[in-house]
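Quick look at target22.txt (compact mmCIF, C-alpha atoms):
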# COMPACT_ATOMS: atom_id res chain seq x y z
CA MET S 862 -0.88 27.61 3.71
CA TYR S 863 2.48 26.94 2.15
CA ASP S 864 3.88 28.33 -1.04
CA TYR S 865 5.06 25.09 -2.55
CA ASN S 866 7.17 26.66 -5.26
CA ASN S 867 8.92 28.79 -2.71
CA LEU S 868 9.19 25.89 -0.28
CA TYR S 869 10.82 23.82 -2.98
CA ILE S 870 13.58 26.38 -3.40
CA GLN S 871 13.84 26.79 0.35
CA THR S 872 14.18 23.09 1.00
CA TYR S 873 17.01 22.87 -1.50
CA ASP S 874 18.84 25.60 0.38
CA MET S 875 20.63 23.45 2.93
CA SER S 876 21.51 26.47 5.07
CA GLN S 877 17.83 26.54 6.07
CA LYS S 878 18.23 23.13 7.61
CA GLY S 879 19.45 22.73 11.15
CA LEU S 880 21.96 20.17 12.26
CA ALA S 881 20.60 16.91 13.63
CA GLU S 882 17.55 17.13 11.37
CA ALA S 883 16.68 14.58 8.72
CA TYR S 884 15.86 15.96 5.34
CA ILE S 885 13.99 14.65 2.30
CA PRO S 886 13.58 16.98 -0.69
CA MET S 887 10.01 17.95 -1.60
CA GLN S 888 8.78 16.31 -4.74
CA ARG S 889 7.47 18.57 -7.44
CA TYR S 890 4.76 17.22 -9.72
CA VAL S 891 5.88 17.55 -13.31
CA SER S 892 4.48 14.58 -15.22
CA SER S 893 2.86 11.22 -14.58
CA TYR S 894 2.52 7.84 -16.23
CA PRO S 895 -0.89 7.04 -17.72
CA PRO S 896 -3.01 4.98 -15.26
CA GLU S 897 -2.30 1.60 -16.94
CA GLN S 898 1.43 2.11 -16.67
CA GLY S 899 1.20 3.68 -13.20
CA LEU S 900 -0.44 0.59 -11.70
CA LYS S 901 2.12 -1.69 -13.35
CA ARG S 902 5.04 0.40 -12.05
CA GLY S 903 3.64 0.88 -8.55
CA THR S 904 3.63 4.66 -8.88
CA ILE S 905 2.39 7.22 -11.38
CA PHE S 906 5.44 9.41 -10.71
CA PRO S 907 8.41 8.64 -13.01
CA GLU S 908 10.85 10.34 -10.61
CA LEU S 909 9.82 7.97 -7.79
CA ASP S 910 9.92 4.87 -9.97
CA LYS S 911 13.00 3.05 -8.69
CA PRO S 912 12.82 -0.60 -9.77
CA TYR S 913 14.76 -3.31 -7.97
CA MET S 914 17.38 -5.40 -9.68
CA GLU S 915 17.15 -8.86 -8.17
CA GLU S 916 20.05 -10.88 -6.84
CA LYS S 917 19.91 -13.36 -9.71
CA VAL S 918 20.48 -10.55 -12.21
CA ARG S 919 22.97 -8.35 -10.41
CA GLY S 920 24.86 -11.13 -8.61
CA TYR S 921 25.27 -11.49 -4.88
CA MET R 107 -15.66 -14.16 -13.53
CA ASP R 108 -15.75 -13.63 -17.28
CA ALA R 109 -13.07 -11.80 -19.25
CA ASN R 110 -15.16 -8.64 -19.63
CA GLN R 111 -15.69 -8.34 -15.90
CA VAL R 112 -11.97 -8.83 -15.20
CA ALA R 113 -11.05 -6.25 -17.85
CA LEU R 114 -13.46 -3.71 -16.36
CA ILE R 115 -12.32 -4.21 -12.76
CA LYS R 116 -8.68 -3.85 -13.87
CA LYS R 117 -9.51 -0.58 -15.63
CA ILE R 118 -11.12 0.63 -12.38
CA MET R 119 -8.04 -0.49 -10.42
CA GLU R 120 -5.80 1.55 -12.71
CA LEU R 121 -7.85 4.73 -12.29
CA ASP R 122 -8.25 4.26 -8.55
CA PHE R 123 -4.54 3.68 -8.18
CA ALA R 124 -3.80 6.97 -9.94
CA CYS R 125 -6.18 8.57 -7.41
CA ILE R 126 -4.38 6.89 -4.48
CA ASP R 127 -0.95 8.03 -5.62
CA LEU R 128 -2.17 11.58 -6.33
CA ASN R 129 -4.03 11.63 -2.99
CA LEU R 130 -0.81 10.88 -1.09
CA TYR R 131 1.00 13.56 -3.11
CA LEU R 132 -1.79 16.06 -2.35
CA ASP R 133 -1.53 15.23 1.36
CA THR R 134 1.88 16.91 1.32
CA HIS R 135 1.13 19.39 -1.52
CA PRO R 136 -2.49 20.46 -0.95
CA ASP R 137 -2.23 23.52 -3.18
CA ASP R 138 -0.70 21.90 -6.25
CA GLN R 139 -3.17 22.83 -8.98
CA LYS R 140 -1.98 20.34 -11.59
CA ALA R 141 -2.20 17.46 -9.10
CA LEU R 142 -5.69 18.61 -8.07
CA ARG R 143 -6.84 18.74 -11.68
CA ASP R 144 -5.50 15.26 -12.43
CA TYR R 145 -6.95 13.86 -9.20
CA ASN R 146 -10.40 15.20 -10.08
CA TYR R 147 -10.12 13.92 -13.63
CA TYR R 148 -9.22 10.33 -12.67
CA SER R 149 -11.76 10.38 -9.87
CA GLN R 150 -14.54 11.31 -12.34
CA GLN R 151 -13.44 8.64 -14.81
CA SER R 152 -13.36 6.00 -12.10
CA LYS R 153 -16.80 7.00 -10.86
CA SER R 154 -18.40 6.50 -14.25
CA LEU R 155 -16.69 3.13 -14.82
CA LYS R 156 -17.80 1.99 -11.35
CA ALA R 157 -21.40 2.90 -12.12
CA GLN R 158 -21.15 0.80 -15.28
CA TYR R 159 -19.56 -2.12 -13.40
CA GLU R 160 -22.10 -2.10 -10.57
CA GLN R 161 -25.01 -2.13 -13.00
CA LEU R 162 -23.63 -5.29 -14.60
CA TYR R 163 -21.97 -7.17 -11.75
CA GLY R 164 -23.25 -5.87 -8.43
CA PRO R 165 -22.00 -3.41 -5.83
CA LEU R 166 -18.35 -2.55 -5.23
CA MET R 167 -19.14 -0.89 -1.91
CA SER R 168 -21.44 -1.58 1.01
CA PHE R 169 -22.94 0.42 3.92
CA GLY R 170 -25.21 2.42 1.64
CA GLU R 171 -22.50 3.64 -0.70
CA THR R 172 -24.14 1.84 -3.60
CA PRO R 173 -27.93 1.50 -3.67
CA SER R 174 -29.14 -1.99 -4.56
CA GLN R 175 -30.05 -2.06 -8.25
CA CYS R 176 -32.17 -5.21 -8.28
CA ASN R 177 -34.32 -7.34 -5.99
CA ARG R 178 -31.32 -9.06 -4.45
CA PHE R 179 -28.50 -7.80 -2.19
CA ARG R 180 -25.78 -8.80 -4.64
CA TRP R 181 -23.04 -7.62 -2.27
CA VAL R 182 -22.97 -11.13 -0.79
CA ASP R 183 -22.42 -12.88 -4.11
CA ASP R 184 -19.14 -14.60 -4.97
CA PRO R 185 -16.48 -14.09 -6.07
CA TRP R 186 -14.74 -11.98 -3.44
CA PRO R 187 -11.56 -10.11 -4.45
CA TRP R 188 -9.11 -12.78 -3.26
CA GLU R 189 -10.91 -15.51 -5.25
CA ILE R 190 -10.47 -13.95 -8.66
CA GLN R 191 -7.92 -14.89 -11.32
CA TYR R 192 -6.93 -11.52 -12.80
CA MET I 445 -15.02 5.35 9.52
CA TRP I 446 -13.96 2.92 6.84
CA VAL I 447 -15.96 1.40 4.02
CA TYR I 448 -14.83 -1.76 2.27
CA GLU I 449 -14.41 -1.80 -1.47
CA LYS I 450 -14.96 -5.21 -3.04
CA LYS I 451 -11.77 -5.08 -5.09
CA LEU I 452 -8.02 -5.29 -4.60
CA GLU I 453 -5.65 -2.35 -5.02
CA TYR I 454 -3.55 -4.51 -7.34
CA PRO I 455 -4.59 -7.58 -9.39
CA ALA I 456 -2.60 -10.16 -7.40
CA ASN I 457 -2.18 -13.49 -9.16
CA VAL I 458 -0.04 -16.52 -8.50
CA CYS I 459 1.06 -18.75 -11.37
CA LYS I 460 0.92 -22.00 -9.37
CA PRO I 461 0.52 -23.18 -5.76
CA ASP I 462 3.76 -22.94 -3.76
CA VAL I 463 3.74 -23.81 -0.06
CA LYS I 464 7.26 -22.59 0.65
CA MET I 465 6.57 -19.16 -0.83
CA ALA I 466 3.29 -18.91 1.11
CA LYS I 467 5.30 -19.51 4.27
CA PHE I 468 7.81 -16.79 3.37
CA LEU I 469 5.10 -14.30 2.40
CA ILE I 470 3.57 -14.55 5.86
CA ALA I 471 6.45 -12.30 6.96
CA GLN I 472 4.60 -9.40 5.37
CA TYR I 473 1.25 -10.47 6.88
CA GLY I 474 2.07 -10.77 10.57
CA GLY I 475 5.81 -10.13 10.80
CA PRO I 476 7.55 -7.17 12.50
CA ASP I 477 7.85 -5.12 9.31
CA GLY I 478 4.69 -6.47 7.71
CA GLU I 479 1.56 -4.75 6.50
CA LEU I 480 -0.50 -5.31 9.66
CA ALA I 481 2.21 -3.64 11.74
CA ALA I 482 2.40 -0.77 9.24
CA ALA I 483 -1.37 -0.20 9.09
CA LEU I 484 -1.80 -0.27 12.86
CA ARG I 485 1.31 1.83 13.54
CA TYR I 486 0.20 4.76 11.38
CA GLN I 487 -3.37 4.35 12.51
CA THR I 488 -2.59 4.79 16.18
CA GLN I 489 0.05 7.49 15.69
CA ARG I 490 -2.23 9.82 13.76
CA TYR I 491 -4.15 11.04 16.82
CA THR I 492 -1.19 12.98 18.17
CA MET I 493 0.02 14.49 14.89
CA PRO I 494 0.24 18.29 15.15
CA THR I 495 -1.03 19.33 11.70
CA GLY I 496 -3.94 18.45 9.45
CA GLN I 497 -1.44 17.59 6.76
CA ALA I 498 0.32 15.00 8.95
CA LYS I 499 -3.00 13.54 10.15
CA GLY I 500 -4.03 13.15 6.51
CA THR I 501 -0.82 11.45 5.46
CA LEU I 502 -0.95 8.94 8.32
CA THR I 503 -4.65 8.21 7.79
CA ASP I 504 -4.23 7.63 4.07
CA ILE I 505 -1.03 5.59 4.21
CA SER I 506 -2.52 3.48 7.01
CA THR I 507 -5.58 2.87 4.85
CA GLU I 508 -3.41 1.87 1.90
CA GLU I 509 -1.48 -0.56 4.13
CA PHE I 510 -4.74 -2.40 4.84
CA ALA I 511 -5.12 -2.81 1.09
CA HIS I 512 -1.60 -4.25 1.00
CA LEU I 513 -2.46 -6.64 3.85
CA GLU I 514 -5.31 -7.89 1.69
CA ILE I 515 -2.96 -8.34 -1.28
CA ILE I 516 -0.53 -10.44 0.79
CA ALA I 517 -3.46 -12.48 2.13
CA THR I 518 -4.72 -13.04 -1.41
CA MET I 519 -1.35 -14.37 -2.55
CA VAL I 520 -0.98 -16.68 0.47
CA PHE I 521 -4.54 -17.93 0.03
CA LYS I 522 -3.96 -18.65 -3.65
CA LEU I 523 -0.56 -20.26 -3.07
CA LEU I 524 -2.12 -22.77 -0.65
CA LYS I 525 -5.23 -23.50 -2.68
CA GLY I 526 -5.78 -27.20 -3.34
CA VAL I 527 -2.51 -28.24 -1.69
CA PRO I 528 -2.83 -31.63 0.09
CA VAL I 529 -1.87 -31.89 3.74
CA GLU I 530 1.12 -34.18 2.98
CA GLU I 531 2.64 -31.41 0.92
CA LEU I 532 1.99 -28.77 3.59
CA LYS I 533 3.77 -31.06 6.04
CA ARG I 534 6.69 -31.72 3.70
CA GLU I 535 7.19 -28.04 2.84
CA GLY I 536 7.21 -26.76 6.39
CA LEU I 537 3.62 -25.75 7.11
CA GLY I 538 2.70 -28.78 9.25
CA GLU I 539 2.88 -26.71 12.42
CA GLN I 540 0.74 -23.99 10.88
CA TYR I 541 -1.78 -26.60 9.67
CA THR I 542 -2.12 -28.10 13.16
CA GLU I 543 -3.73 -24.97 14.57
CA HIS I 544 -5.03 -23.17 11.51
CA ASP I 545 -5.55 -25.59 8.62
CA ARG I 546 -5.22 -23.36 5.53
CA ALA I 547 -6.48 -20.26 7.32
CA LEU I 548 -4.40 -17.10 7.44
CA PHE I 549 -3.03 -16.07 10.79
CA TYR I 550 -0.91 -13.17 12.02
CA SER I 551 2.58 -14.54 12.56
CA ASP I 552 6.01 -14.27 10.98
CA THR I 553 7.67 -17.00 8.90
CA THR I 554 8.79 -18.87 12.03
CA GLY I 555 5.30 -18.88 13.56
CA MET I 556 6.05 -16.11 16.05
CA LEU I 557 2.75 -14.35 16.71
CA TRP I 558 2.21 -10.72 15.81
CA THR I 559 2.65 -8.40 18.77
CA ALA I 560 2.06 -4.70 19.41
CA ALA I 561 5.68 -4.62 20.59
CA TYR I 562 6.56 -4.40 16.88
CA ILE I 563 5.23 -0.84 16.75
CA GLN I 564 5.41 2.36 18.71
CA ALA I 565 3.42 5.54 19.25
CA LYS I 566 5.64 7.97 21.06
CA GLY I 567 3.39 11.00 21.03
CA ASP I 568 6.37 12.88 19.64
CA VAL I 569 5.88 13.69 15.98
CA ILE I 570 9.59 13.71 15.11
CA ALA I 571 10.22 10.34 16.77
CA ASP I 572 7.08 8.82 15.22
CA LEU I 573 7.84 10.00 11.69
CA HIS I 574 11.39 8.68 11.92
CA GLU I 575 9.98 5.31 12.96
CA ASP I 576 7.58 5.42 10.02
CA MET I 577 10.35 6.16 7.54
CA ALA I 578 12.47 3.35 8.97
CA ALA I 579 9.47 1.00 8.79
CA GLU I 580 9.04 1.73 5.08
CA GLU I 581 12.71 0.97 4.43
CA LYS I 582 12.56 -2.28 6.41
CA ALA I 583 9.49 -3.36 4.48
CA ARG I 584 11.21 -2.46 1.20
CA ALA I 585 14.18 -4.65 2.18
CA THR I 586 11.87 -7.54 3.10
CA TYR I 587 10.13 -7.27 -0.28
CA GLU I 588 13.51 -7.43 -2.00
CA HIS I 589 14.35 -10.61 -0.07
CA LEU I 590 10.99 -12.07 -1.04
CA ILE I 591 11.54 -11.18 -4.72
CA ASN I 592 14.85 -13.07 -4.56
CA LEU I 593 13.13 -16.05 -2.95
CA THR I 594 10.61 -16.75 -5.72
CA ASP I 595 10.72 -17.84 -9.35
CA ASP I 596 6.99 -17.31 -9.82
CA PRO I 597 6.64 -14.36 -12.23
CA CYS I 598 3.11 -13.60 -11.00
CA VAL I 599 4.17 -13.39 -7.35
CA LYS I 600 7.25 -11.40 -8.31
CA ASP I 601 5.12 -8.90 -10.23
CA THR I 602 2.93 -8.16 -7.21
CA LEU I 603 5.93 -8.01 -4.86
CA ARG I 604 7.51 -5.40 -7.13
CA PHE I 605 4.35 -3.31 -6.88
CA LEU I 606 4.33 -3.54 -3.08
CA ARG I 607 8.04 -2.70 -2.86
CA GLU I 608 7.57 0.41 -4.98
CA ARG I 609 4.78 1.58 -2.66
CA GLU I 610 7.25 1.54 0.24
CA ILE I 611 9.44 3.98 -1.68
CA VAL I 612 6.53 6.33 -2.34
CA HIS I 613 5.42 6.15 1.31
CA PHE I 614 8.96 6.91 2.46
CA GLN I 615 8.92 10.04 0.32
CA ARG I 616 5.56 11.17 1.77
CA PHE I 617 6.69 10.61 5.37
CA GLY I 618 9.91 12.48 4.56
CA GLU I 619 7.94 15.41 3.15
CA THR I 620 5.67 15.32 6.18
CA LEU I 621 8.71 15.45 8.45
CA ASP I 622 9.91 18.50 6.55
CA LEU I 623 6.53 20.25 6.82
CA VAL I 624 6.22 19.37 10.50
CA GLN I 625 9.70 20.69 11.27
CA GLU I 626 8.70 23.88 9.47
CA HIS I 627 5.53 24.04 11.54
CA LEU I 628 7.39 23.51 14.81
CA ARG I 629 9.96 26.16 13.88
CA SER I 630 7.16 28.63 13.17
CA LYS I 631 5.75 27.93 16.62
CA LYS I 632 9.28 28.27 18.02
CA ILE I 633 8.94 24.93 19.75
CA PHE I 634 12.50 24.15 18.84

Would you kindly transcribe this structure into structure tokens?
Amino acid sequence: MYDYNNLYIQTYDMSQKGLAEAYIPMQRYVSSYPPEQGLKRGTIFPELDKPYMEEKVRGY
Amino acid sequence: MDANQVALIKKIMELDFACIDLNLYLDTHPDDQKALRDYNYYSQQSKSLKAQYEQLYGPLMSFGETPSQCNRFRWVDDPWPWEIQY
Amino acid sequence: MWVYEKKLEYPANVCKPDVKMAKFLIAQYGGPDGELAAALRYQTQRYTMPTGQAKGTLTDISTEEFAHLEIIATMVFKLLKGVPVEELKREGLGEQYTEHDRALFYSDTTGMLWTAAYIQAKGDVIADLHEDMAAEEKARATYEHLINLTDDPCVKDTLRFLREREIVHFQRFGETLDLVQEHLRSKKIF
């Protein structure tokens, strides 16, 4: 069993990470969209909600 | 499919999607109490809406997950999910 | 085992039939970075995952990918509904029609058939999870190309949903990699 709060701090301490190892920070659940909005956005987690700006809008 | 049926299935989709997203989060954070609470809450809500839906429109699941509620195996009735205008 | 639910994960609509877009969408049905490849990749890799946590993540993401396969199929099916053969021929699906009529089949946009060579199961958790993370990014990129290729707001809406799922899956595989590395360190495997 992991202590997720502790792990969170640990994983942000880069000295714990070896070289030649990929690293993604652990998400921490703070808040969520209501279900209606979650389905529309494709995730209930605001911090993972990263919409795409299409080519027509941003230019090529 | 009438408007009421579409509205109800969409409501179920919303709740089930919250469960899916929380499920994947719990897969990597199995001891997160807030996520567990929310997962259980949405799961309960979805369950009661599904019971309501199945009573009106027939089963959402097969293989014994939903007992047949009338004298016909309504599982085989159209429309199937890809035939519906949502 | 798996049990089918008679509903989609996302309410996938199309605003009007569009043969060209149906042809492009097939990339995510039977293409190298498509949903079939994703579902089968995670499915077969899960058996050699070292922790319950990793087995769970692969099982659940694989299961969700099957729901995405169904969403792509739904859009293709709806985009081709009621389209006469002359139009299929004119818009580049004549070859597809020859063998399959309006049926769905596992190929990429050029008609290249799906192959297991698209995926890997290395039996090495680090190698497999890196492949999975790369697969999610490649699928995200393909969804962005598809979003740029359509003017249909209904199709675009569903593609945006599917693209966002790739981002969430990437995060979960990344977290799994982190937990697995932790696990291996604790066992002093490396």

Residues within 8 Å of region 902-915 of chain S, please, as number ranges by chain. Count only C-alpha atoms; anything in the same chain fewer than 4 positions from it doesn't count. S: 890, 892-896, 898, 919; R: 124, 127; I: 588, 591-592, 604-606, 608-609, 611-612

If the cut-off is 10 Å, can you tell me the residues of chain I near chain S, counting all atoms listed in the file? I'd like them as a PyMOL selection string. chain I and resi 453-455+570+574+584+587-593+601-612+614-623+625-626

Could you write those residues out with C-alpha atoms, as a PDB file, in the frame of the given file?
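New file part.pdb:
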ATOM      1  CA  GLU I 453      -5.650  -2.350  -5.020  1.00  0.00           C
ATOM      2  CA  TYR I 454      -3.550  -4.510  -7.340  1.00  0.00           C
ATOM      3  CA  PRO I 455      -4.590  -7.580  -9.390  1.00  0.00           C
ATOM      4  CA  ILE I 570       9.590  13.710  15.110  1.00  0.00           C
ATOM      5  CA  HIS I 574      11.390   8.680  11.920  1.00  0.00           C
ATOM      6  CA  ARG I 584      11.210  -2.460   1.200  1.00  0.00           C
ATOM      7  CA  TYR I 587      10.130  -7.270  -0.280  1.00  0.00           C
ATOM      8  CA  GLU I 588      13.510  -7.430  -2.000  1.00  0.00           C
ATOM      9  CA  HIS I 589      14.350 -10.610  -0.070  1.00  0.00           C
ATOM     10  CA  LEU I 590      10.990 -12.070  -1.040  1.00  0.00           C
ATOM     11  CA  ILE I 591      11.540 -11.180  -4.720  1.00  0.00           C
ATOM     12  CA  ASN I 592      14.850 -13.070  -4.560  1.00  0.00           C
ATOM     13  CA  LEU I 593      13.130 -16.050  -2.950  1.00  0.00           C
ATOM     14  CA  ASP I 601       5.120  -8.900 -10.230  1.00  0.00           C
ATOM     15  CA  THR I 602       2.930  -8.160  -7.210  1.00  0.00           C
ATOM     16  CA  LEU I 603       5.930  -8.010  -4.860  1.00  0.00           C
ATOM     17  CA  ARG I 604       7.510  -5.400  -7.130  1.00  0.00           C
ATOM     18  CA  PHE I 605       4.350  -3.310  -6.880  1.00  0.00           C
ATOM     19  CA  LEU I 606       4.330  -3.540  -3.080  1.00  0.00           C
ATOM     20  CA  ARG I 607       8.040  -2.700  -2.860  1.00  0.00           C
ATOM     21  CA  GLU I 608       7.570   0.410  -4.980  1.00  0.00           C
ATOM     22  CA  ARG I 609       4.780   1.580  -2.660  1.00  0.00           C
ATOM     23  CA  GLU I 610       7.250   1.540   0.240  1.00  0.00           C
ATOM     24  CA  ILE I 611       9.440   3.980  -1.680  1.00  0.00           C
ATOM     25  CA  VAL I 612       6.530   6.330  -2.340  1.00  0.00           C
ATOM     26  CA  PHE I 614       8.960   6.910   2.460  1.00  0.00           C
ATOM     27  CA  GLN I 615       8.920  10.040   0.320  1.00  0.00           C
ATOM     28  CA  ARG I 616       5.560  11.170   1.770  1.00  0.00           C
ATOM     29  CA  PHE I 617       6.690  10.610   5.370  1.00  0.00           C
ATOM     30  CA  GLY I 618       9.910  12.480   4.560  1.00  0.00           C
ATOM     31  CA  GLU I 619       7.940  15.410   3.150  1.00  0.00           C
ATOM     32  CA  THR I 620       5.670  15.320   6.180  1.00  0.00           C
ATOM     33  CA  LEU I 621       8.710  15.450   8.450  1.00  0.00           C
ATOM     34  CA  ASP I 622       9.910  18.500   6.550  1.00  0.00           C
ATOM     35  CA  LEU I 623       6.530  20.250   6.820  1.00  0.00           C
ATOM     36  CA  GLN I 625       9.700  20.690  11.270  1.00  0.00           C
ATOM     37  CA  GLU I 626       8.700  23.880   9.470  1.00  0.00           C
TER      38      GLU I 626
END

Could you state the separation of CA of Ala471 (chain I) and CA of Ala585 (chain I) in Å, given to one decimal place?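 Separation of CA of Ala471 (chain I) and CA of Ala585 (chain I): 11.9 Å.
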
Please identify all polymer residues within 7 Å of Pro187 (chain R), counting all atoms listed in the file, omitting same-chain residues fewer than 5 positions from it, and present them as a ChimeraX atom specification. /I:450-452

Taking all atoms listed in the file into account and nothing else, which residues of chain R lie no more than 9 Å away from chain S? Please answer as a ChimeraX atom specification. /R:116-117,119-124,127-128,131,134-138,140-141,148

For the residues selected in the previous step, produce a file with C-alpha atoms as a compact mmCIF listing (two decimals), in the coordinates of the input.
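Result file out.txt:
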# COMPACT_ATOMS: atom_id res chain seq x y z
CA LYS R 116 -8.68 -3.85 -13.87
CA LYS R 117 -9.51 -0.58 -15.63
CA MET R 119 -8.04 -0.49 -10.42
CA GLU R 120 -5.80 1.55 -12.71
CA LEU R 121 -7.85 4.73 -12.29
CA ASP R 122 -8.25 4.26 -8.55
CA PHE R 123 -4.54 3.68 -8.18
CA ALA R 124 -3.80 6.97 -9.94
CA ASP R 127 -0.95 8.03 -5.62
CA LEU R 128 -2.17 11.58 -6.33
CA TYR R 131 1.00 13.56 -3.11
CA THR R 134 1.88 16.91 1.32
CA HIS R 135 1.13 19.39 -1.52
CA PRO R 136 -2.49 20.46 -0.95
CA ASP R 137 -2.23 23.52 -3.18
CA ASP R 138 -0.70 21.90 -6.25
CA LYS R 140 -1.98 20.34 -11.59
CA ALA R 141 -2.20 17.46 -9.10
CA TYR R 148 -9.22 10.33 -12.67

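Here CA of Val529 (chain I) stands at a distance of 21.9 Å from CA of Tyr473 (chain I).
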
Distance query 6 Å from (-5.8, -9.7, -11.6) using only C-alpha atoms, result as a ChimeraX atom specification: /R:191-192 /I:455-457

With the input short on atoms, add N, CA and C atoms back to region 140-153 of chain R and write it as a compact mmCIF listing (two decimals), in the frame of the given file.
# COMPACT_ATOMS: atom_id res chain seq x y z
N LYS R 140 -2.03 21.40 -10.57
CA LYS R 140 -1.98 20.34 -11.59
C LYS R 140 -2.38 18.99 -10.97
N ALA R 141 -1.86 18.72 -9.78
CA ALA R 141 -2.20 17.46 -9.10
C ALA R 141 -3.70 17.42 -8.79
N LEU R 142 -4.25 18.54 -8.36
CA LEU R 142 -5.69 18.61 -8.07
C LEU R 142 -6.53 18.33 -9.32
N ARG R 143 -6.12 18.95 -10.41
CA ARG R 143 -6.84 18.74 -11.68
C ARG R 143 -6.81 17.27 -12.08
N ASP R 144 -5.63 16.66 -12.02
CA ASP R 144 -5.50 15.26 -12.43
C ASP R 144 -6.27 14.34 -11.48
N TYR R 145 -6.21 14.65 -10.20
CA TYR R 145 -6.95 13.86 -9.20
C TYR R 145 -8.45 13.89 -9.51
N ASN R 146 -8.96 15.07 -9.76
CA ASN R 146 -10.40 15.20 -10.08
C ASN R 146 -10.76 14.49 -11.37
N TYR R 147 -9.88 14.56 -12.34
CA TYR R 147 -10.12 13.92 -13.63
C TYR R 147 -10.20 12.39 -13.49
N TYR R 148 -9.21 11.80 -12.83
CA TYR R 148 -9.22 10.33 -12.67
C TYR R 148 -10.37 9.89 -11.77
N SER R 149 -10.67 10.70 -10.77
CA SER R 149 -11.76 10.38 -9.87
C SER R 149 -13.09 10.32 -10.63
N GLN R 150 -13.33 11.28 -11.51
CA GLN R 150 -14.54 11.31 -12.34
C GLN R 150 -14.61 10.09 -13.25
N GLN R 151 -13.49 9.79 -13.89
CA GLN R 151 -13.44 8.64 -14.81
C GLN R 151 -13.75 7.34 -14.07
N SER R 152 -13.15 7.20 -12.89
CA SER R 152 -13.36 6.00 -12.10
C SER R 152 -14.83 5.87 -11.70
N LYS R 153 -15.40 6.99 -11.29
CA LYS R 153 -16.80 7.00 -10.86
C LYS R 153 -17.73 6.49 -11.96
